[in-house]
Protein chains: 2
Amino acid sequence: MLDQVDLKKKLDRKTYKETAPALRLRLAELQREVKEAGMPVVVVFEGWETSGKGTVLNQLLQPLDPRGFRVENVGRPGEDERFRPFFWAFWRRTPANGRIAFFNRSWYRRVLDDRLTEALSPHRLDEAFQESLEFERQLAQEGALLVKFFLHISKKEQRKRLKALEAEEATSWRVTKEDWERHERYDEMAGYVEEMLLRTDRGEAPWTLVESHDREYAEVKILATLVKALEERLAALKADASGKKHLPDPVALSQEAPASVAEGDEADLSGGDVLRKEMDDVLRPTVLGRVDLSRDVSVEEYKKQLPRLQDRFREIQYALYRERIPVVVLFEGWDAAGKGGCIKRLTSRLDPRGYEVNPVAAPNDIERAHHYLWRFWTAFPKAGHVAIFDRSWYGRVLVERVEGFCSEDAWRRAYGEINEMENQWSRFGTVVIKFWLHIDREEQLRRFTERSETPEKMWKITEEDWRNREKWPLYEKAVEEMLWRTSTPCAPWTVVEANSKEYARIKVLKTVVAATEAALEGRRIPGGA
Amino acid sequence: MLDQVDLKKKLDRKTYKETAPALRLRLAELQREVKEAGMPVVVVFEGWETSGKGTVLNQLLQPLDPRGFRVENVGRPGEDERFRPFFWAFWRRTPANGRIAFFNRSWYRRVLDDRLTEALSPHRLDEAFQESLEFERQLAQEGALLVKFFLHISKKEQRKRLKALEAEEATSWRVTKEDWERHERYDEMAGYVEEMLLRTDRGEAPWTLVESHDREYAEVKILATLVKALEERLAALKADASGKKHLPDPVALSQEAPASVAEGDEADLSGGDVLRKEMDDVLRPTVLGRVDLSRDVSVEEYKKQLPRLQDRFREIQYALYRERIPVVVLFEGWDAAGKGGCIKRLTSRLDPRGYEVNPVAAPNDIERAHHYLWRFWTAFPKAGHVAIFDRSWYGRVLVERVEGFCSEDAWRRAYGEINEMENQWSRFGTVVIKFWLHIDREEQLRRFTERSETPEKMWKITEEDWRNREKWPLYEKAVEEMLWRTSTPCAPWTVVEANSKEYARIKVLKTVVAATEAALEGRRIPGGA
């Protein structure tokens, strides 16, 4: 999850100057609407030491009417708190209707920092998470809006910032020995942060991860997220009051992005729409933008490595069988990204009794009559076997989302449902390996054209492929969100640079070999290969 | 929870003959509607050995079209299952749209029987519960209806049935050594059953506890519950399809029971309504009906015991203070049941620095601007102190429910929310003691009349008290449901027979002394005093 975050995100000066003041103004307006609507709002700031929580919170408050909010600084608990159940301190500070409470640190202290000093048993940890979810759900169900931010910086950046603070006479007092000790344990803490984000990112109280190397970027992302959350909820309240439904229906959704949008083409937008559009860009993660598609491998290297890896995987296959370890490998990727070729190379030297390839097309009648995950559960490999999926359950958050084949509610819910499913598999000892085969649009065009011009490949290309290609930007957005929301410690995504087919095949085999070897040795590869 | 169940419930022959055939007919009709609506239905049967699961399931299936359902018998897992993640076996058996799956035993095996033979760590147990909730939620969110039954019999009844089976030559083979071993561990298992019911009773998949000593009663309760669940869901689907809201609003709810209903008075009902009415009676638990209100204590006994208990509680108070154990005692009960008198006797010899009495009236403006639990969280006693509540957070499921001050959705949700809150307190080490002071209607009338006729007591009786009295049957229903749904191992209800004020006071003091002594000794009193 954290490994999929692009910490290099930046806002150029011009965009900042155009967006930040407008967002601040809008936030002030919304604060008045919150009061009018009598809605309590809880905003949570968590994040790394020196990630800029205090600064950004300060900026955020500038445009607001101080009579309508309160900052709740959460430090070490005093006697009052220690002598009462954990959530007493937070219930007390819940805002009244129409008011906003900004929590600078929060009840998540218990599952973050506290774990560095006091080991919780797995059961106590479950309880701590459970109580947090109960608290947030109870508030949300009585009408509170909850928005949670985690300010993320890298270990290197934190080191730089601590050093800079130390170097200045005016700020050196702020850096304590404890800060450095915590800094040394950054990687351990990162595990706790990931676990927290995954276990407490619920519809009623979602987390927004803020890439915080660039302070202006962070500020605008937080402003934009908060504005959007407030606008959506207030609109929903108004719609409820007037008896209208407020959830967009699938048809409206698929219209959101007309199929005729040409590459790079953007409709004219003006006024409020510009703001909206820029907000969208700011809020959007860019995993794919960082992928280096120039990666390649020489023919000699390919010819040398491929058979070696294939033989190694065959050896592993027998070991997996003996150890009764089930393996699930799935392939998603752009049309013509080379999924078939990868699967062929992955399986060609395997013992056919021990693996199965499941091509996933649109569901048939029987499948359609069941829960959308049913056909994937039933295809789960027997322990010791390898199941390969050519496309997968991620169809729900890709094609079904983009084409409007399911409701927005359904695909939004699916991220959590899929994580739960893969988690259950992983708990059973399954190795779950997920590939996104990535090519760029030009490469796809080249391959499509080649297919249409080569008689023996013509069957591979259909009208539908061309139609899907037109929706590239919509798919891109869906892929980004999928990678971010479903890359979990137990089932991470591996993005494969696939402009070079040879490079892609080698990387796929290497990743599978590494992950299965790790499972055999009882190791886990956090964040994938 | 289980201790609040009236296992003596019976159906007289006449009522059985009148209701059962009609319900069976209705179920057959509903099966066709289920098919038409394309809704998958999952019905779960869990229960004690010899509680009659097989028999009742068999009866239930008689009227149904066998093409539309399937019985899933869950036994010991075979190799197929053991070589796959736990829920694989259950996902496979989920019904297609429009079909009904009857599970004879289920995924709950893992948190019931399996615990007798294989100890799960608290963390593994959390995971097992978690996975069950995920499974049910995922099915429900895609439109499945889930109905879960637990068939309950006492240990004594089980013994009787095992003996009877053994005595008959034709059935003696059915009783194994293992059955007797399990029977011996009935009490241990009862703890697991309670835990399961509490942790997995969710809105999307609620449990119905079936009092199963009387087989005809059990059959009708199951039929009626299933018919009701199907009718409600199908009606909701139709309403959704036609764009109407299907949840009753608070106004409609409070109209359901007009304030003018006189005692014992019932409107004429005919045809389908009679069925409805009788179903309601069958479904309704009767905790209060079992209470022996003739209990009394002699004046001498009272005068002897009261000061002893008061002194003992004062000693305990200091011990609680030293051990930093917080205590919460709450009183609910009928108007004029004697709450004030009990509280007076409970506190009169206490050290006033260590306790506080919180009278709970309608919320003031500030309280109304917060979550309904906020004022109770803030009143939580410091560890080592005693907080006494004269009325409490249960107002939501009593007066607010009956008077329509909150939506049906809100009070239905409140049972779980309150259990969560009390659980959080209990985890912190709090002793939570809850009293329902019970008197009958005649006694209340006597006390009301006395109050109106005695000048110095007149202030105690208002017009509102008389109005509330008229709604006795509605309150009774609400109290029954409250006692059943919120009597948890960590915070059990104690029903106090309060027609005799002296008896009530002694019982309250004895209960408080026993519960706090147990806490000081590190014991827990399961099911209360």
# chains A, B, ... in the order shown; residues from 1 in each chain; ligands from 1
$ interface_residues --of "chain B" --to "chain A" --cutoff "7 Å" --atoms "only C-alpha atoms" --output "JSON, numbers by chain"
{"B": [83, 84, 85, 88, 91, 92, 96, 97, 122, 123, 138, 139, 142, 369, 370, 371, 374, 377, 378, 382, 383, 417, 424, 425, 428]}
$ write_last_selection --atoms "N, CA and C atoms" --output "PDB file, in the first residue's frame"
ATOM      1  N   PHE B  83      -8.265 -28.906   2.540  1.00  0.00           N
ATOM      2  CA  PHE B  83      -7.191 -28.410   1.688  1.00  0.00           C
ATOM      3  C   PHE B  83      -7.513 -27.044   1.080  1.00  0.00           C
ATOM      4  N   ARG B  84      -8.512 -26.391   1.630  1.00  0.00           N
ATOM      5  CA  ARG B  84      -8.870 -25.071   1.105  1.00  0.00           C
ATOM      6  C   ARG B  84      -9.232 -24.133   2.249  1.00  0.00           C
ATOM      7  N   PRO B  85      -9.252 -22.819   1.999  1.00  0.00           N
ATOM      8  CA  PRO B  85      -9.615 -21.896   3.083  1.00  0.00           C
ATOM      9  C   PRO B  85     -10.999 -22.221   3.623  1.00  0.00           C
ATOM     10  N   TRP B  88     -14.356 -21.644   1.732  1.00  0.00           N
ATOM     11  CA  TRP B  88     -14.538 -22.230   0.406  1.00  0.00           C
ATOM     12  C   TRP B  88     -15.763 -23.142   0.374  1.00  0.00           C
ATOM     13  N   TRP B  91     -18.940 -20.865   0.496  1.00  0.00           N
ATOM     14  CA  TRP B  91     -19.150 -20.076  -0.722  1.00  0.00           C
ATOM     15  C   TRP B  91     -19.699 -20.965  -1.834  1.00  0.00           C
ATOM     16  N   ARG B  92     -19.135 -22.153  -1.965  1.00  0.00           N
ATOM     17  CA  ARG B  92     -19.598 -23.067  -3.001  1.00  0.00           C
ATOM     18  C   ARG B  92     -21.075 -23.351  -2.888  1.00  0.00           C
ATOM     19  N   ALA B  96     -28.092 -19.849  -5.678  1.00  0.00           N
ATOM     20  CA  ALA B  96     -28.237 -18.943  -6.813  1.00  0.00           C
ATOM     21  C   ALA B  96     -29.418 -18.010  -6.553  1.00  0.00           C
ATOM     22  N   ASN B  97     -29.508 -16.969  -7.325  1.00  0.00           N
ATOM     23  CA  ASN B  97     -30.630 -16.039  -7.189  1.00  0.00           C
ATOM     24  C   ASN B  97     -31.955 -16.780  -7.315  1.00  0.00           C
ATOM     25  N   PRO B 122      -7.267 -16.557  21.454  1.00  0.00           N
ATOM     26  CA  PRO B 122      -8.240 -15.451  21.333  1.00  0.00           C
ATOM     27  C   PRO B 122      -8.140 -14.769  19.967  1.00  0.00           C
ATOM     28  N   HIS B 123      -6.937 -14.668  19.440  1.00  0.00           N
ATOM     29  CA  HIS B 123      -6.758 -14.001  18.155  1.00  0.00           C
ATOM     30  C   HIS B 123      -7.362 -14.825  17.016  1.00  0.00           C
ATOM     31  N   GLN B 138     -21.022  -9.841   3.000  1.00  0.00           N
ATOM     32  CA  GLN B 138     -20.828  -9.826   1.550  1.00  0.00           C
ATOM     33  C   GLN B 138     -22.046 -10.392   0.824  1.00  0.00           C
ATOM     34  N   LEU B 139     -22.613 -11.469   1.343  1.00  0.00           N
ATOM     35  CA  LEU B 139     -23.808 -12.032   0.715  1.00  0.00           C
ATOM     36  C   LEU B 139     -24.980 -11.054   0.821  1.00  0.00           C
ATOM     37  N   GLU B 142     -25.032  -8.055  -1.535  1.00  0.00           N
ATOM     38  CA  GLU B 142     -25.398  -8.315  -2.921  1.00  0.00           C
ATOM     39  C   GLU B 142     -26.859  -8.788  -3.019  1.00  0.00           C
ATOM     40  N   ALA B 369     -27.607  18.133  21.336  1.00  0.00           N
ATOM     41  CA  ALA B 369     -26.746  18.488  20.195  1.00  0.00           C
ATOM     42  C   ALA B 369     -25.610  17.479  20.006  1.00  0.00           C
ATOM     43  N   HIS B 370     -25.575  16.467  20.869  1.00  0.00           N
ATOM     44  CA  HIS B 370     -24.527  15.445  20.740  1.00  0.00           C
ATOM     45  C   HIS B 370     -25.140  14.076  20.457  1.00  0.00           C
ATOM     46  N   HIS B 371     -24.283  13.139  20.201  1.00  0.00           N
ATOM     47  CA  HIS B 371     -24.669  11.735  20.065  1.00  0.00           C
ATOM     48  C   HIS B 371     -25.406  11.322  21.337  1.00  0.00           C
ATOM     49  N   TRP B 374     -23.317  10.292  24.259  1.00  0.00           N
ATOM     50  CA  TRP B 374     -22.289  11.221  24.719  1.00  0.00           C
ATOM     51  C   TRP B 374     -22.419  11.553  26.201  1.00  0.00           C
ATOM     52  N   TRP B 377     -21.240   8.603  28.337  1.00  0.00           N
ATOM     53  CA  TRP B 377     -19.784   8.439  28.312  1.00  0.00           C
ATOM     54  C   TRP B 377     -19.122   9.479  29.208  1.00  0.00           C
ATOM     55  N   THR B 378     -19.584  10.714  29.096  1.00  0.00           N
ATOM     56  CA  THR B 378     -18.920  11.767  29.883  1.00  0.00           C
ATOM     57  C   THR B 378     -19.152  11.565  31.379  1.00  0.00           C
ATOM     58  N   LYS B 382     -14.633   7.820  37.485  1.00  0.00           N
ATOM     59  CA  LYS B 382     -13.199   7.593  37.570  1.00  0.00           C
ATOM     60  C   LYS B 382     -12.970   6.223  38.201  1.00  0.00           C
ATOM     61  N   ALA B 383     -11.932   5.540  37.741  1.00  0.00           N
ATOM     62  CA  ALA B 383     -11.665   4.203  38.290  1.00  0.00           C
ATOM     63  C   ALA B 383     -11.622   4.261  39.812  1.00  0.00           C
ATOM     64  N   GLU B 417     -25.249  -0.950  19.761  1.00  0.00           N
ATOM     65  CA  GLU B 417     -24.388   0.165  20.175  1.00  0.00           C
ATOM     66  C   GLU B 417     -24.188   0.151  21.683  1.00  0.00           C
ATOM     67  N   GLN B 424     -16.928  -2.202  26.024  1.00  0.00           N
ATOM     68  CA  GLN B 424     -15.698  -1.408  26.141  1.00  0.00           C
ATOM     69  C   GLN B 424     -15.435  -1.088  27.606  1.00  0.00           C
ATOM     70  N   TRP B 425     -16.477  -0.761  28.331  1.00  0.00           N
ATOM     71  CA  TRP B 425     -16.312  -0.471  29.752  1.00  0.00           C
ATOM     72  C   TRP B 425     -15.824  -1.704  30.501  1.00  0.00           C
ATOM     73  N   PHE B 428     -12.314  -2.627  30.267  1.00  0.00           N
ATOM     74  CA  PHE B 428     -11.477  -1.763  31.096  1.00  0.00           C
ATOM     75  C   PHE B 428     -11.519  -2.209  32.558  1.00  0.00           C
TER      76      PHE B 428
END
$ residues_around --residues "region 307-309 of chain B" --least-positions-apart "4" --cutoff "8 Å" --atoms "only C-alpha atoms" --output "compact mmCIF listing (two decimals) with C-alpha atoms, in the first residue's frame"
# COMPACT_ATOMS: atom_id res chain seq x y z
CA LYS B 303 -34.43 -4.65 59.43
CA PHE B 313 -21.04 -2.35 50.71
CA ILE B 506 -32.52 -6.23 49.78
CA LEU B 509 -28.02 -4.56 47.71
CA LYS B 510 -27.26 -8.28 47.63
CA VAL B 513 -22.42 -6.73 46.92
$ closest_residue --among "B:Arg295, B:Leu350, B:Glu481, B:Val386" --to "His438 (chain B)" --atoms "only C-alpha atoms"
B:Arg295
$ residues_around --residues "Arg174 (chain A)" --least-positions-apart "3" --cutoff "12 Å" --atoms "only C-alpha atoms" --output "ChimeraX atom specification"
/A:49-50,161-171,177-180
$ select_by_dssp --residues "region 93-322 of chain B" --states "helix (DSSP H, G or I)" --output "NGL selection string"
:B and (107-111 or 113-117 or 122-141 or 155-167 or 172-174 or 177-184 or 186-200 or 215-241 or 250-256 or 272-283 or 288-290 or 299-322)
$ residues_around --residues "Glu422 (chain B)" --least-positions-apart "5" --cutoff "8 Å" --atoms "only C-alpha atoms" --output "MDAnalysis selection string"
chainID B and resid 432 490:491
$ residues_around --residues "Leu11 (chain A)" --least-positions-apart "2" --cutoff "8 Å" --atoms "only C-alpha atoms" --output "PyMOL selection string"
chain A and resi 9+13+15-16+214+216-217
$ write_last_selection --atoms "N, CA and C atoms" --output "PDB file, in the first residue's frame"
ATOM      1  N   LYS A   9       4.998  13.690  -5.563  1.00  0.00           N
ATOM      2  CA  LYS A   9       3.945  14.585  -6.061  1.00  0.00           C
ATOM      3  C   LYS A   9       4.196  16.018  -5.619  1.00  0.00           C
ATOM      4  N   ARG A  13       3.792  26.257  -8.602  1.00  0.00           N
ATOM      5  CA  ARG A  13       3.416  27.503  -7.940  1.00  0.00           C
ATOM      6  C   ARG A  13       2.101  28.075  -8.517  1.00  0.00           C
ATOM      7  N   THR A  15      -0.440  26.620 -10.144  1.00  0.00           N
ATOM      8  CA  THR A  15      -1.649  25.873  -9.772  1.00  0.00           C
ATOM      9  C   THR A  15      -1.996  26.129  -8.310  1.00  0.00           C
ATOM     10  N   TYR A  16      -0.980  26.146  -7.475  1.00  0.00           N
ATOM     11  CA  TYR A  16      -1.218  26.405  -6.051  1.00  0.00           C
ATOM     12  C   TYR A  16      -1.923  27.742  -5.865  1.00  0.00           C
ATOM     13  N   ASP A 214       5.948  17.674  -0.604  1.00  0.00           N
ATOM     14  CA  ASP A 214       5.708  19.037  -1.031  1.00  0.00           C
ATOM     15  C   ASP A 214       4.570  19.628  -0.192  1.00  0.00           C
ATOM     16  N   GLU A 216       2.914  22.378  -0.260  1.00  0.00           N
ATOM     17  CA  GLU A 216       1.786  23.017  -0.929  1.00  0.00           C
ATOM     18  C   GLU A 216       0.871  21.960  -1.540  1.00  0.00           C
ATOM     19  N   TYR A 217       1.492  20.935  -2.057  1.00  0.00           N
ATOM     20  CA  TYR A 217       0.679  19.829  -2.563  1.00  0.00           C
ATOM     21  C   TYR A 217      -0.185  19.261  -1.437  1.00  0.00           C
TER      22      TYR A 217
END
$ decode --residues "region 322-363 of chain A" --atoms "C-alpha atoms" --output "PDB file, in the first residue's frame"
ATOM      1  CA  ARG A 322       4.702 -31.563  -0.842  1.00  0.00           C
ATOM      2  CA  GLU A 323       4.174 -28.692   1.558  1.00  0.00           C
ATOM      3  CA  ARG A 324       0.495 -28.318   0.565  1.00  0.00           C
ATOM      4  CA  ILE A 325       0.873 -24.633  -0.168  1.00  0.00           C
ATOM      5  CA  PRO A 326      -1.786 -23.272  -2.547  1.00  0.00           C
ATOM      6  CA  VAL A 327      -0.751 -20.568  -5.015  1.00  0.00           C
ATOM      7  CA  VAL A 328      -2.976 -18.070  -6.807  1.00  0.00           C
ATOM      8  CA  VAL A 329      -1.471 -16.031  -9.639  1.00  0.00           C
ATOM      9  CA  LEU A 330      -3.594 -13.505 -11.451  1.00  0.00           C
ATOM     10  CA  PHE A 331      -2.980 -11.371 -14.489  1.00  0.00           C
ATOM     11  CA  GLU A 332      -4.643  -8.081 -15.227  1.00  0.00           C
ATOM     12  CA  GLY A 333      -3.409  -5.556 -17.775  1.00  0.00           C
ATOM     13  CA  TRP A 334      -4.202  -3.488 -20.819  1.00  0.00           C
ATOM     14  CA  ASP A 335      -5.544  -5.236 -23.896  1.00  0.00           C
ATOM     15  CA  ALA A 336      -2.592  -6.586 -25.895  1.00  0.00           C
ATOM     16  CA  ALA A 337      -0.244  -6.151 -22.921  1.00  0.00           C
ATOM     17  CA  GLY A 338       0.873  -9.761 -23.340  1.00  0.00           C
ATOM     18  CA  LYS A 339      -0.959 -11.651 -20.597  1.00  0.00           C
ATOM     19  CA  GLY A 340      -1.292 -14.777 -22.710  1.00  0.00           C
ATOM     20  CA  GLY A 341       2.416 -14.867 -23.546  1.00  0.00           C
ATOM     21  CA  CYS A 342       3.378 -14.499 -19.897  1.00  0.00           C
ATOM     22  CA  ILE A 343       1.044 -17.285 -18.811  1.00  0.00           C
ATOM     23  CA  LYS A 344       2.434 -19.545 -21.527  1.00  0.00           C
ATOM     24  CA  ARG A 345       6.026 -19.001 -20.356  1.00  0.00           C
ATOM     25  CA  LEU A 346       5.024 -19.386 -16.717  1.00  0.00           C
ATOM     26  CA  THR A 347       3.374 -22.763 -17.232  1.00  0.00           C
ATOM     27  CA  SER A 348       5.139 -24.397 -20.185  1.00  0.00           C
ATOM     28  CA  ARG A 349       7.478 -26.516 -18.078  1.00  0.00           C
ATOM     29  CA  LEU A 350       5.117 -27.194 -15.183  1.00  0.00           C
ATOM     30  CA  ASP A 351       3.617 -30.551 -14.320  1.00  0.00           C
ATOM     31  CA  PRO A 352       0.103 -30.246 -15.763  1.00  0.00           C
ATOM     32  CA  ARG A 353      -1.392 -32.229 -12.898  1.00  0.00           C
ATOM     33  CA  GLY A 354      -0.563 -29.447 -10.484  1.00  0.00           C
ATOM     34  CA  TYR A 355      -1.825 -26.272 -12.107  1.00  0.00           C
ATOM     35  CA  GLU A 356      -4.834 -24.884 -13.841  1.00  0.00           C
ATOM     36  CA  VAL A 357      -5.365 -21.791 -15.974  1.00  0.00           C
ATOM     37  CA  ASN A 358      -8.718 -20.058 -15.536  1.00  0.00           C
ATOM     38  CA  PRO A 359      -9.586 -17.692 -18.360  1.00  0.00           C
ATOM     39  CA  VAL A 360     -12.077 -15.182 -17.002  1.00  0.00           C
ATOM     40  CA  ALA A 361     -14.632 -13.817 -19.436  1.00  0.00           C
ATOM     41  CA  ALA A 362     -17.997 -12.186 -18.845  1.00  0.00           C
ATOM     42  CA  PRO A 363     -19.933 -14.368 -16.384  1.00  0.00           C
TER      43      PRO A 363
END
